[in-house]
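Colleague: This is the content of coords-v1.txt (compact mmCIF, C-alpha atoms):
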# COMPACT_ATOMS: atom_id res chain seq x y z
CA MET A 1 120.22 61.72 119.21
CA VAL A 2 123.03 63.09 121.39
CA ILE A 3 124.62 64.79 118.37
CA LEU A 4 121.27 66.30 117.38
CA HIS A 5 120.74 67.68 120.87
CA ALA A 6 124.25 69.14 120.89
CA LEU A 7 123.65 70.88 117.56
CA LEU A 8 120.35 72.30 118.76
CA PHE A 9 121.91 73.68 121.92
CA LEU A 10 124.75 75.23 119.89
CA LEU A 11 122.11 76.90 117.74
CA LEU A 12 120.35 78.12 120.88
CA LEU A 13 123.66 79.46 122.18
CA LEU A 14 124.27 81.38 118.93
CA TYR A 15 120.75 82.82 119.03
CA SER A 16 121.11 83.84 122.69
CA LEU A 17 124.43 85.53 121.90
CA ILE A 18 122.88 87.59 119.12
CA VAL A 19 120.01 88.64 121.39
CA PHE A 20 122.47 89.48 124.18
CA LEU A 21 124.49 91.72 121.82
CA PHE A 22 121.36 93.55 120.65
CA ARG A 23 120.33 94.11 124.28
CA HIS A 24 123.80 95.23 125.36
CA TYR A 25 124.28 97.76 122.58
CA TRP A 26 120.73 99.06 122.99
CA ASN A 27 121.28 99.60 126.72
CA VAL A 28 124.68 101.31 126.47
CA TYR A 29 123.65 103.64 123.63
CA PRO A 30 122.83 107.08 125.08
CA VAL A 31 119.49 108.84 124.79
CA PHE A 32 119.91 112.00 122.72
CA ALA A 33 118.97 115.41 124.16
CA SER A 34 118.49 118.14 121.55
CA SER A 35 118.85 121.26 123.71
CA GLY A 36 121.21 123.88 122.34
CA CYS A 37 121.57 122.27 118.90
CA ASN A 38 121.37 123.93 115.49
CA ASN A 39 117.78 124.51 114.38
CA SER A 40 118.41 126.07 110.97
CA ILE A 41 118.88 122.99 108.78
CA ASP A 42 116.42 122.93 105.88
CA LEU A 43 114.35 119.74 106.07
CA SER A 44 111.97 118.25 103.51
CA ILE A 45 109.41 115.83 104.94
CA ILE A 46 108.07 113.40 102.33
CA VAL A 47 104.80 111.58 102.98
CA ALA A 48 103.88 109.15 100.20
CA PHE A 49 100.33 107.85 100.63
CA ARG A 50 97.55 105.83 99.05
CA ASN A 51 94.05 105.45 100.47
CA GLU A 52 94.73 106.86 103.93
CA MET A 53 91.37 108.53 104.52
CA MET A 54 91.26 107.38 108.15
CA ASN A 55 94.79 108.49 109.03
CA ILE A 56 96.07 111.36 106.94
CA GLN A 57 94.39 114.17 108.89
CA ALA A 58 96.02 113.09 112.15
CA CYS A 59 99.38 112.85 110.39
CA ILE A 60 99.06 116.36 108.93
CA ARG A 61 97.98 117.83 112.28
CA SER A 62 101.03 116.35 114.00
CA LEU A 63 103.33 117.83 111.34
CA GLU A 64 101.59 121.18 111.63
CA LYS A 65 102.35 121.33 115.38
CA GLN A 66 106.12 120.97 115.04
CA THR A 67 108.20 123.31 117.21
CA TYR A 68 110.88 123.47 114.54
CA PRO A 69 110.95 126.88 112.73
CA ARG A 70 108.44 126.88 109.89
CA GLU A 71 110.84 128.64 107.53
CA HIS A 72 113.23 125.69 107.75
CA PHE A 73 111.00 122.80 106.78
CA GLU A 74 108.49 121.82 104.12
CA VAL A 75 106.04 118.94 103.93
CA ILE A 76 105.39 117.26 100.58
CA LEU A 77 102.33 115.00 100.42
CA THR A 78 102.67 112.81 97.34
CA ASP A 79 99.63 110.76 96.31
CA ASP A 80 99.81 107.31 94.74
CA HIS A 81 96.43 107.27 92.94
CA SER A 82 94.22 107.29 96.03
CA ASP A 83 90.54 106.62 95.34
CA ASP A 84 89.08 106.98 98.85
CA GLY A 85 89.07 110.77 99.20
CA SER A 86 92.39 111.11 101.04
CA SER A 87 93.90 112.93 98.06
CA LEU A 88 91.24 115.66 98.36
CA ILE A 89 92.04 116.14 102.04
CA ALA A 90 95.75 116.48 101.31
CA GLU A 91 95.29 118.74 98.29
CA ASN A 92 92.87 121.09 100.05
CA TYR A 93 95.09 121.38 103.09
CA CYS A 94 98.17 122.19 101.00
CA ARG A 95 96.27 124.82 99.04
CA TYR A 96 95.69 126.94 102.13
CA ASN A 97 98.73 126.21 104.31
CA THR A 98 102.18 127.58 103.64
CA GLY A 99 105.00 125.04 103.71
CA PHE A 100 102.75 122.13 102.72
CA ARG A 101 102.87 120.95 99.09
CA TYR A 102 100.82 118.35 97.26
CA CYS A 103 101.62 116.31 94.18
CA SER A 104 99.81 113.45 92.50
CA ALA A 105 101.35 110.63 90.50
CA PRO A 106 100.89 110.69 86.70
CA ALA A 107 98.90 107.92 85.09
CA ASP A 108 101.98 105.92 84.12
CA GLU A 109 103.54 105.90 87.62
CA HIS A 110 102.33 103.53 90.31
CA GLY A 111 103.57 102.44 93.71
CA LYS A 112 105.00 103.97 96.84
CA LYS A 113 108.54 104.02 95.51
CA ALA A 114 107.56 106.13 92.51
CA ALA A 115 105.65 108.49 94.82
CA LEU A 116 108.65 108.83 97.13
CA ILE A 117 111.02 109.57 94.27
CA ARG A 118 108.67 112.19 92.88
CA GLY A 119 108.41 113.87 96.28
CA ILE A 120 112.18 113.85 96.79
CA LYS A 121 112.73 115.39 93.34
CA MET A 122 110.31 118.18 94.27
CA SER A 123 111.99 118.86 97.59
CA SER A 124 114.16 121.90 98.31
CA GLY A 125 115.77 120.86 101.61
CA LYS A 126 119.25 119.36 101.89
CA VAL A 127 117.99 116.73 104.35
CA ILE A 128 115.13 114.35 103.51
CA VAL A 129 112.86 113.06 106.28
CA LEU A 130 110.46 110.22 105.53
CA THR A 131 107.32 109.28 107.40
CA ASP A 132 104.04 107.58 106.53
CA ALA A 133 100.49 108.89 106.41
CA ASP A 134 99.36 106.41 109.07
CA CYS A 135 101.91 107.80 111.55
CA VAL A 136 101.75 110.55 114.14
CA THR A 137 104.79 112.51 115.32
CA GLY A 138 105.52 114.39 118.52
CA GLU A 139 105.85 118.17 118.55
CA LYS A 140 109.65 118.07 118.88
CA TRP A 141 110.20 115.40 116.24
CA LEU A 142 111.83 117.67 113.65
CA GLU A 143 113.62 119.74 116.26
CA THR A 144 115.26 116.59 117.65
CA ILE A 145 116.14 115.27 114.19
CA ALA A 146 117.74 118.57 113.19
CA GLY A 147 119.68 118.73 116.45
CA PHE A 148 120.98 115.20 116.05
CA TYR A 149 121.87 115.73 112.41
CA SER A 150 123.73 118.96 113.08
CA ARG A 151 125.71 117.45 115.96
CA HIS A 152 126.76 114.16 114.33
CA LYS A 153 126.56 114.84 110.56
CA PRO A 154 125.50 111.27 109.68
CA GLU A 155 124.66 110.07 106.19
CA MET A 156 121.51 108.34 107.44
CA VAL A 157 119.54 108.60 110.68
CA ILE A 158 117.52 105.53 111.65
CA GLY A 159 114.57 106.65 113.76
CA LEU A 160 112.43 104.64 116.15
CA VAL A 161 108.80 103.71 115.56
CA ASP A 162 106.28 102.76 118.22
CA MET A 163 103.06 100.84 117.66
CA SER A 164 99.94 101.97 119.48
CA ALA A 165 98.38 98.76 120.78
CA GLU A 166 94.65 98.44 121.14
CA ALA A 167 92.78 95.83 123.14
CA GLY A 168 92.78 92.25 121.91
CA PHE A 169 95.20 89.43 121.23
CA LEU A 170 95.97 90.39 117.61
CA HIS A 171 96.99 93.93 118.54
CA LYS A 172 99.12 92.77 121.46
CA PHE A 173 100.85 90.16 119.32
CA GLN A 174 101.61 92.78 116.67
CA GLU A 175 102.95 95.16 119.28
CA LEU A 176 105.33 92.56 120.70
CA GLU A 177 106.56 91.49 117.29
CA PHE A 178 106.99 95.11 116.23
CA MET A 179 108.91 95.93 119.41
CA SER A 180 111.22 92.95 118.82
CA LEU A 181 111.96 94.16 115.27
CA THR A 182 112.48 97.70 116.51
CA GLY A 183 114.87 96.56 119.23
CA ALA A 184 116.85 94.24 116.97
CA GLY A 185 117.15 96.92 114.30
CA ALA A 186 118.23 99.51 116.87
CA GLY A 187 120.83 97.26 118.49
CA ALA A 188 122.28 96.30 115.11
CA ALA A 189 122.44 99.96 114.04
CA VAL A 190 124.42 100.86 117.18
CA MET A 191 126.85 98.05 116.27
CA HIS A 192 127.26 99.68 112.83
CA ARG A 193 125.71 96.58 111.30
CA PRO A 194 122.19 97.83 110.47
CA LEU A 195 119.73 95.11 109.51
CA PHE A 196 116.67 97.13 108.56
CA CYS A 197 114.98 100.46 109.09
CA SER A 198 111.54 101.97 108.76
CA GLY A 199 110.43 104.51 106.18
CA SER A 200 108.08 105.78 108.88
CA ASN A 201 111.04 107.53 110.51
CA LEU A 202 114.08 107.79 108.28
CA VAL A 203 116.46 110.67 107.54
CA PHE A 204 119.18 111.00 104.89
CA ASN A 205 121.17 113.43 102.81
CA LYS A 206 119.43 114.34 99.54
CA GLU A 207 122.67 114.64 97.57
CA LEU A 208 123.67 111.15 98.66
CA PHE A 209 120.30 109.78 97.53
CA GLU A 210 120.78 111.37 94.11
CA GLU A 211 124.13 109.65 93.65
CA TYR A 212 122.37 106.31 93.15
CA HIS A 213 120.82 105.33 89.84
CA ASP A 214 118.07 103.25 91.47
CA PRO A 215 118.25 103.96 95.22
CA LEU A 216 114.91 102.34 96.12
CA LYS A 217 115.19 99.28 93.82
CA ARG A 218 111.97 100.02 91.96
CA ASP A 219 111.67 96.51 90.50
CA VAL A 220 111.06 95.15 94.02
CA VAL A 221 107.50 95.66 95.29
CA SER A 222 108.35 96.34 98.92
CA GLY A 223 111.35 97.45 100.97
CA ASP A 224 112.03 101.00 99.78
CA ASP A 225 113.54 101.88 103.17
CA THR A 226 115.71 98.85 103.92
CA LEU A 227 116.87 98.31 100.33
CA PHE A 228 118.13 101.91 100.19
CA MET A 229 119.74 101.50 103.60
CA LEU A 230 121.60 98.40 102.41
CA GLN A 231 123.04 100.29 99.46
CA LEU A 232 124.34 102.99 101.80
CA LYS A 233 125.69 100.35 104.18
CA LYS A 234 128.21 99.18 101.58
CA ARG A 235 129.93 102.58 101.56
CA HIS A 236 128.82 104.46 104.69
CA ARG A 237 128.28 101.81 107.37
CA LYS A 238 129.80 103.87 110.17
CA ARG A 239 128.00 107.05 109.12
CA MET A 240 124.55 105.51 109.67
CA MET A 241 123.31 106.26 113.18
CA LEU A 242 120.40 105.42 115.45
CA LEU A 243 118.44 108.32 116.92
CA LYS A 244 117.35 107.19 120.39
CA SER A 245 115.15 109.87 121.85
CA PRO A 246 111.54 109.78 123.14
CA SER A 247 110.83 113.09 121.38
CA ALA A 248 111.91 111.63 118.02
CA VAL A 249 109.70 108.52 118.14
CA VAL A 250 106.96 108.16 115.53
CA ALA A 251 103.76 106.29 116.42
CA THR A 252 101.88 104.04 114.01
CA ARG A 253 98.88 101.73 114.20
CA GLY A 254 98.75 97.98 113.76
CA ALA A 255 96.66 96.05 111.28
CA GLY A 256 92.96 96.07 112.11
CA SER A 257 92.22 92.47 111.11
CA ILE A 258 93.99 89.13 110.72
CA LYS A 259 93.67 89.37 106.93
CA GLU A 260 95.28 92.81 106.89
CA PHE A 261 97.99 91.60 109.28
CA ILE A 262 98.86 88.56 107.15
CA ASN A 263 98.94 90.62 103.95
CA GLN A 264 101.22 93.17 105.61
CA ARG A 265 103.63 90.49 106.84
CA LEU A 266 103.62 88.74 103.45
CA ARG A 267 104.56 92.08 101.90
CA TRP A 268 107.35 92.58 104.40
CA THR A 269 108.80 89.09 103.94
CA SER A 270 108.43 89.09 100.15
CA LYS A 271 111.65 91.09 99.80
CA ILE A 272 113.79 88.51 101.63
CA ARG A 273 114.92 86.96 98.34
CA HIS A 274 116.52 90.27 97.37
CA TYR A 275 118.77 90.52 100.44
CA ARG A 276 122.48 89.76 100.00
CA ASP A 277 123.72 91.37 103.20
CA ARG A 278 125.64 88.93 105.43
CA ASP A 279 124.41 90.45 108.70
CA ILE A 280 120.77 90.11 107.63
CA LEU A 281 121.24 86.57 106.33
CA LEU A 282 123.02 85.37 109.48
CA THR A 283 120.38 86.89 111.76
CA ALA A 284 117.41 85.77 109.66
CA VAL A 285 118.67 82.21 109.23
CA THR A 286 119.48 81.91 112.94
CA VAL A 287 116.04 83.19 113.97
CA PHE A 288 114.29 80.91 111.48
CA LEU A 289 116.31 77.83 112.45
CA ILE A 290 115.91 78.28 116.21
CA ASN A 291 112.14 78.64 115.84
CA ALA A 292 112.00 75.68 113.45
CA ALA A 293 113.98 73.68 116.00
CA MET A 294 111.49 74.72 118.69
CA VAL A 295 108.58 73.50 116.56
CA ALA A 296 110.40 70.24 115.84
CA SER A 297 111.18 69.68 119.54
CA LEU A 298 107.51 70.31 120.40
CA ILE A 299 106.46 67.68 117.85
CA MET A 300 109.02 65.26 119.37
CA LEU A 301 107.57 65.93 122.81
CA ILE A 302 104.02 65.25 121.61
CA LYS A 303 105.17 61.99 119.98
CA GLY A 304 106.87 60.86 123.19
CA PHE A 305 110.52 61.59 122.36
CA SER A 306 112.92 63.92 124.19
CA PHE A 307 110.65 65.07 127.00
CA TYR A 308 113.14 67.65 128.25
CA LEU A 309 114.32 69.22 124.96
CA PHE A 310 111.37 71.49 124.21
CA PRO A 311 110.83 72.77 127.79
CA VAL A 312 114.56 73.55 128.22
CA MET A 313 114.84 75.30 124.86
CA LEU A 314 111.62 77.22 125.48
CA ILE A 315 112.77 78.45 128.89
CA ILE A 316 116.23 79.54 127.71
CA LYS A 317 114.96 81.26 124.56
CA THR A 318 112.05 82.95 126.34
CA LEU A 319 114.28 84.36 129.07
CA ALA A 320 116.80 85.67 126.51
CA ASP A 321 113.99 87.32 124.53
CA TYR A 322 112.17 88.58 127.62
CA PHE A 323 115.08 90.46 129.17
CA PHE A 324 115.84 92.03 125.80
CA MET A 325 112.21 92.99 125.20
CA GLN A 326 111.91 94.44 128.69
CA SER A 327 114.81 96.80 127.93
CA VAL A 328 113.23 97.94 124.68
CA MET A 329 109.66 98.22 125.95
CA ARG A 330 110.75 100.13 129.04
CA PHE A 331 112.08 102.89 126.77
CA PHE A 332 108.63 103.13 125.17
CA GLY A 333 106.89 103.13 128.55
CA LYS A 334 105.53 99.61 128.19
CA ASP A 335 105.71 96.34 130.05
CA ILE A 336 104.61 92.70 129.80
CA ARG A 337 104.29 89.89 132.33
CA LEU A 338 106.65 86.94 131.93
CA TYR A 339 103.90 84.29 131.96
CA ILE A 340 102.06 86.09 129.15
CA PHE A 341 105.31 86.38 127.23
CA PHE A 342 105.71 82.58 127.42
CA ILE A 343 102.39 82.15 125.64
CA TYR A 344 103.32 84.57 122.89
CA GLU A 345 106.68 82.81 122.45
CA ILE A 346 104.94 79.51 121.62
CA ILE A 347 102.65 81.19 119.09
CA TYR A 348 105.52 83.24 117.67
CA MET A 349 107.69 80.21 116.87
CA ILE A 350 104.93 78.78 114.65
CA TYR A 351 104.35 82.19 113.06
CA VAL A 352 108.05 82.70 112.26
CA VAL A 353 108.33 79.31 110.59
CA THR A 354 105.28 79.75 108.35
CA VAL A 355 104.93 83.42 107.35
CA PRO A 356 108.41 84.01 105.81
CA VAL A 357 108.03 80.89 103.66
CA CYS A 358 104.56 81.98 102.51
CA GLY A 359 105.95 85.44 101.72
CA LEU A 360 108.28 83.91 99.14
CA PHE A 361 105.55 82.12 97.19
CA PHE A 362 102.11 83.63 97.74
CA LYS A 363 100.44 86.74 96.40
CA PHE A 364 99.48 89.53 98.75
CA SER A 365 97.26 92.61 98.66
CA TRP A 366 98.26 96.14 99.57
CA LYS A 367 96.16 99.28 99.25
CA GLY A 368 93.73 97.56 96.87
CA ARG A 369 96.44 96.11 94.62
CA ARG A 370 97.55 92.50 94.20
CA PHE A 371 101.23 91.59 94.05
CA ARG A 372 103.41 88.53 93.74
CA SER A 373 106.75 88.50 95.56
Output the file's structure as structure tokens, nothing else.
Modeller:
Amino acid sequence: MVILHALLFLLLLLYSLIVFLFRHYWNVYPVFASSGCNNSIDLSIIVAFRNEMMNIQACIRSLEKQTYPREHFEVILTDDHSDDGSSLIAENYCRYNTGFRYCSAPADEHGKKAALIRGIKMSSGKVIVLTDADCVTGEKWLETIAGFYSRHKPEMVIGLVDMSAEAGFLHKFQELEFMSLTGAGAGAAVMHRPLFCSGSNLVFNKELFEEYHDPLKRDVVSGDDTLFMLQLKKRHRKRMMLLKSPSAVVATRGAGSIKEFINQRLRWTSKIRHYRDRDILLTAVTVFLINAAMVASLIMLIKGFSFYLFPVMLIIKTLADYFFMQSVMRFFGKDIRLYIFFIYEIIYMIYVVTVPVCGLFFKFSWKGRRFRS
């Protein structure tokens, strides 16, 4: 039992060290200010969508309001066989607005990755900017991206994404989980060891994209953003940069129901089997094992063994996570009370142990389609 406890505390120490590094690099990384930067880079914004009737108008309006010069950017809305009317909204808007272009997928092409590739092939800009139809951007989004790109000349810019939380436990839980992923991804990117990124806010050189035979790994259902990032990481690790700026943040919405939430997370975790990156594997295994150890120690406590193990591990892990999350959430103008965070930590450890495993074996639905990982 002593050896087991020692191993568990070593695991907790490793986890706390990883969290500390993410927090440190996030805190020391400067916020970017775009004043005085080049605003003449030609940008192509690609928005691949399917069945986004409730969101696409807000997305288009936010892109229309950009302060970046209209002659230096285009928006390509590429439809993946929508059947809810969102394609008509996009097509009609593009017909009457200069700089906005619409394309629909042919009958033999399906999926977001095919839609993205088609949009990128159509594009005329040297720099590709990806976002999603369920996202809203600030007015200076493109201006900040162009300024950052012109100053640093990176091969890929990893942008930040915020989640607009509504009332209710499900939405708050999603927001906290999303913020933890955002913070971990940002800290790792600053360390030049990127773990993942979001296609809701991603920038890269078009010529570099075209160098790859299969940049998005089309045989994998999900993960167009991170799988492309991992290919670039092999050759351009130090030329992939985080853009930390409030004016460059993109806002998205969480899942509206538990069913939608579970399906989304199953889709996200379904691509785990395709990862070979050592940084991702070390982080993912450590996170899974520490949460599995927490669950095991809770079971031991309930059965009358090791009364101190679970409380001690819970306190140490929660404090490590809390101080990190406070740093990240403060940037986004958010906050959470410590006692509430404790409750979410207990629920989260069970969630982390179950959902990734289910993502490897169970089917999931996305945009009216059924998939197996």
Colleague: Pick out the closest residue to Asn201 in chain A from this set: A:Ala186, A:Ile56, A:Leu130, A:Val295. Count all atoms listed in the file.
Modeller: A:Leu130
Colleague: Find the distance between CA of Ser198 in chain A and CA of Thr226 in chain A and write it in Å to one decimal.
Modeller: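 Atom-to-atom, CA of Ser198 in chain A and CA of Thr226 in chain A are spaced 7.1 Å apart.
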Colleague: What does the structure give for the distance between CA of Leu242 in chain A and CA of Asp132 in chain A, in Å to one decimal?
Modeller: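 Computed distance, CA of Leu242 in chain A to CA of Asp132 in chain A, equals 18.8 Å.
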Colleague: For Tyr348 in chain A, work out the shell of residues within 12 Å, counting only C-alpha atoms and skipping chain neighbours fewer than 5 positions away, then give it as a list in words.
Modeller: Leu170, Phe173, Gln174, Leu176, Glu177, Ser180, Val287, Phe288, Ile290, Asn291, Ala292, Met294, Val295, Leu314, Lys317, Thr318, Asp321, Phe341, Phe342, Ile343, Val353, Thr354 and Val355 of chain A
Colleague: Excluding Thr286 in chain A and any residue of its chain fewer than 6 positions from it, enumerate the residues within 10 Å of it, using only C-alpha atoms, and give them as a list of chain:residue names.
Modeller: A:Leu11, A:Leu12, A:Leu14, A:Tyr15, A:Ile18, A:Ile280, A:Ala292
Colleague: For Glu139 in chain A, which of A:Asp219, A:Glu109, A:Glu64, A:Asp335 is the closest residue, counting all atoms listed in the file?
Modeller: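 Once distances to Glu139 in chain A are computed over all atoms listed in the file, the minimum belongs to A:Glu64.
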Colleague: Measuring between only C-alpha atoms, which one of A:Thr182, A:Val352, A:Val312, A:Gln231 shows the shortest distance to His213 in chain A?
Modeller: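 The closest residue to His213 in chain A is A:Gln231.
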Colleague: Mind giving me the straight-line distance from CA of His171 in chain A to CA of Leu266 in chain A in Å, one decimal?
Modeller: 17.3 Å
Colleague: Around all listed atoms of range 198-210 of chain A, padded 4 Å per side, what centre and edge lengths does the axis-aligned box have in Å to one decimal, as JSON?
Modeller:
{"center_x": 115.9, "center_y": 108.3, "center_z": 102.3, "size_x": 23.6, "size_y": 20.7, "size_z": 24.4}
Colleague: Could you check which of A:Val190, A:Met241, A:Val203, A:Ala251 is closest to Asn55 in chain A, using all atoms listed in the file?
Modeller: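 The closest residue to Asn55 in chain A is A:Ala251.
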Colleague: With N, CA and C atoms retained, output range 157-170 of chain A as a CSV table (one decimal), in the first residue's frame.
Modeller:
chain,number,residue,atom,x,y,z
A,157,VAL,N,-0.6,30.3,-37.2
A,157,VAL,CA,-1.0,31.1,-36.1
A,157,VAL,C,-2.1,30.4,-35.4
A,158,ILE,N,-1.9,30.1,-34.1
A,158,ILE,CA,-3.0,29.4,-33.3
A,158,ILE,C,-3.7,30.5,-32.6
A,159,GLY,N,-5.0,30.7,-32.9
A,159,GLY,CA,-5.8,31.7,-32.3
A,159,GLY,C,-6.6,31.1,-31.1
A,160,LEU,N,-7.1,32.0,-30.3
A,160,LEU,CA,-7.9,31.7,-29.1
A,160,LEU,C,-9.4,31.7,-29.4
A,161,VAL,N,-10.1,30.8,-28.7
A,161,VAL,CA,-11.5,30.7,-28.9
A,161,VAL,C,-12.2,30.7,-27.5
A,162,ASP,N,-13.2,31.5,-27.4
A,162,ASP,CA,-13.9,31.6,-26.1
A,162,ASP,C,-15.3,31.0,-26.3
A,163,MET,N,-15.9,30.5,-25.2
A,163,MET,CA,-17.2,29.9,-25.3
A,163,MET,C,-18.1,30.8,-24.5
A,164,SER,N,-19.2,31.2,-25.1
A,164,SER,CA,-20.2,32.0,-24.5
A,164,SER,C,-21.1,31.1,-23.6
A,165,ALA,N,-21.0,31.2,-22.3
A,165,ALA,CA,-21.7,30.3,-21.4
A,165,ALA,C,-23.1,30.9,-21.1
A,166,GLU,N,-24.1,30.0,-21.2
A,166,GLU,CA,-25.5,30.4,-20.8
A,166,GLU,C,-25.7,29.9,-19.4
A,167,ALA,N,-26.9,30.1,-18.9
A,167,ALA,CA,-27.2,29.7,-17.5
A,167,ALA,C,-27.4,28.2,-17.5
A,168,GLY,N,-27.1,27.6,-16.4
A,168,GLY,CA,-27.3,26.1,-16.2
A,168,GLY,C,-26.0,25.4,-16.1
A,169,PHE,N,-26.1,24.2,-15.4
A,169,PHE,CA,-24.9,23.4,-15.1
A,169,PHE,C,-24.2,23.0,-16.3
A,170,LEU,N,-24.9,22.4,-17.3
A,170,LEU,CA,-24.3,21.9,-18.5
A,170,LEU,C,-23.4,23.0,-19.2
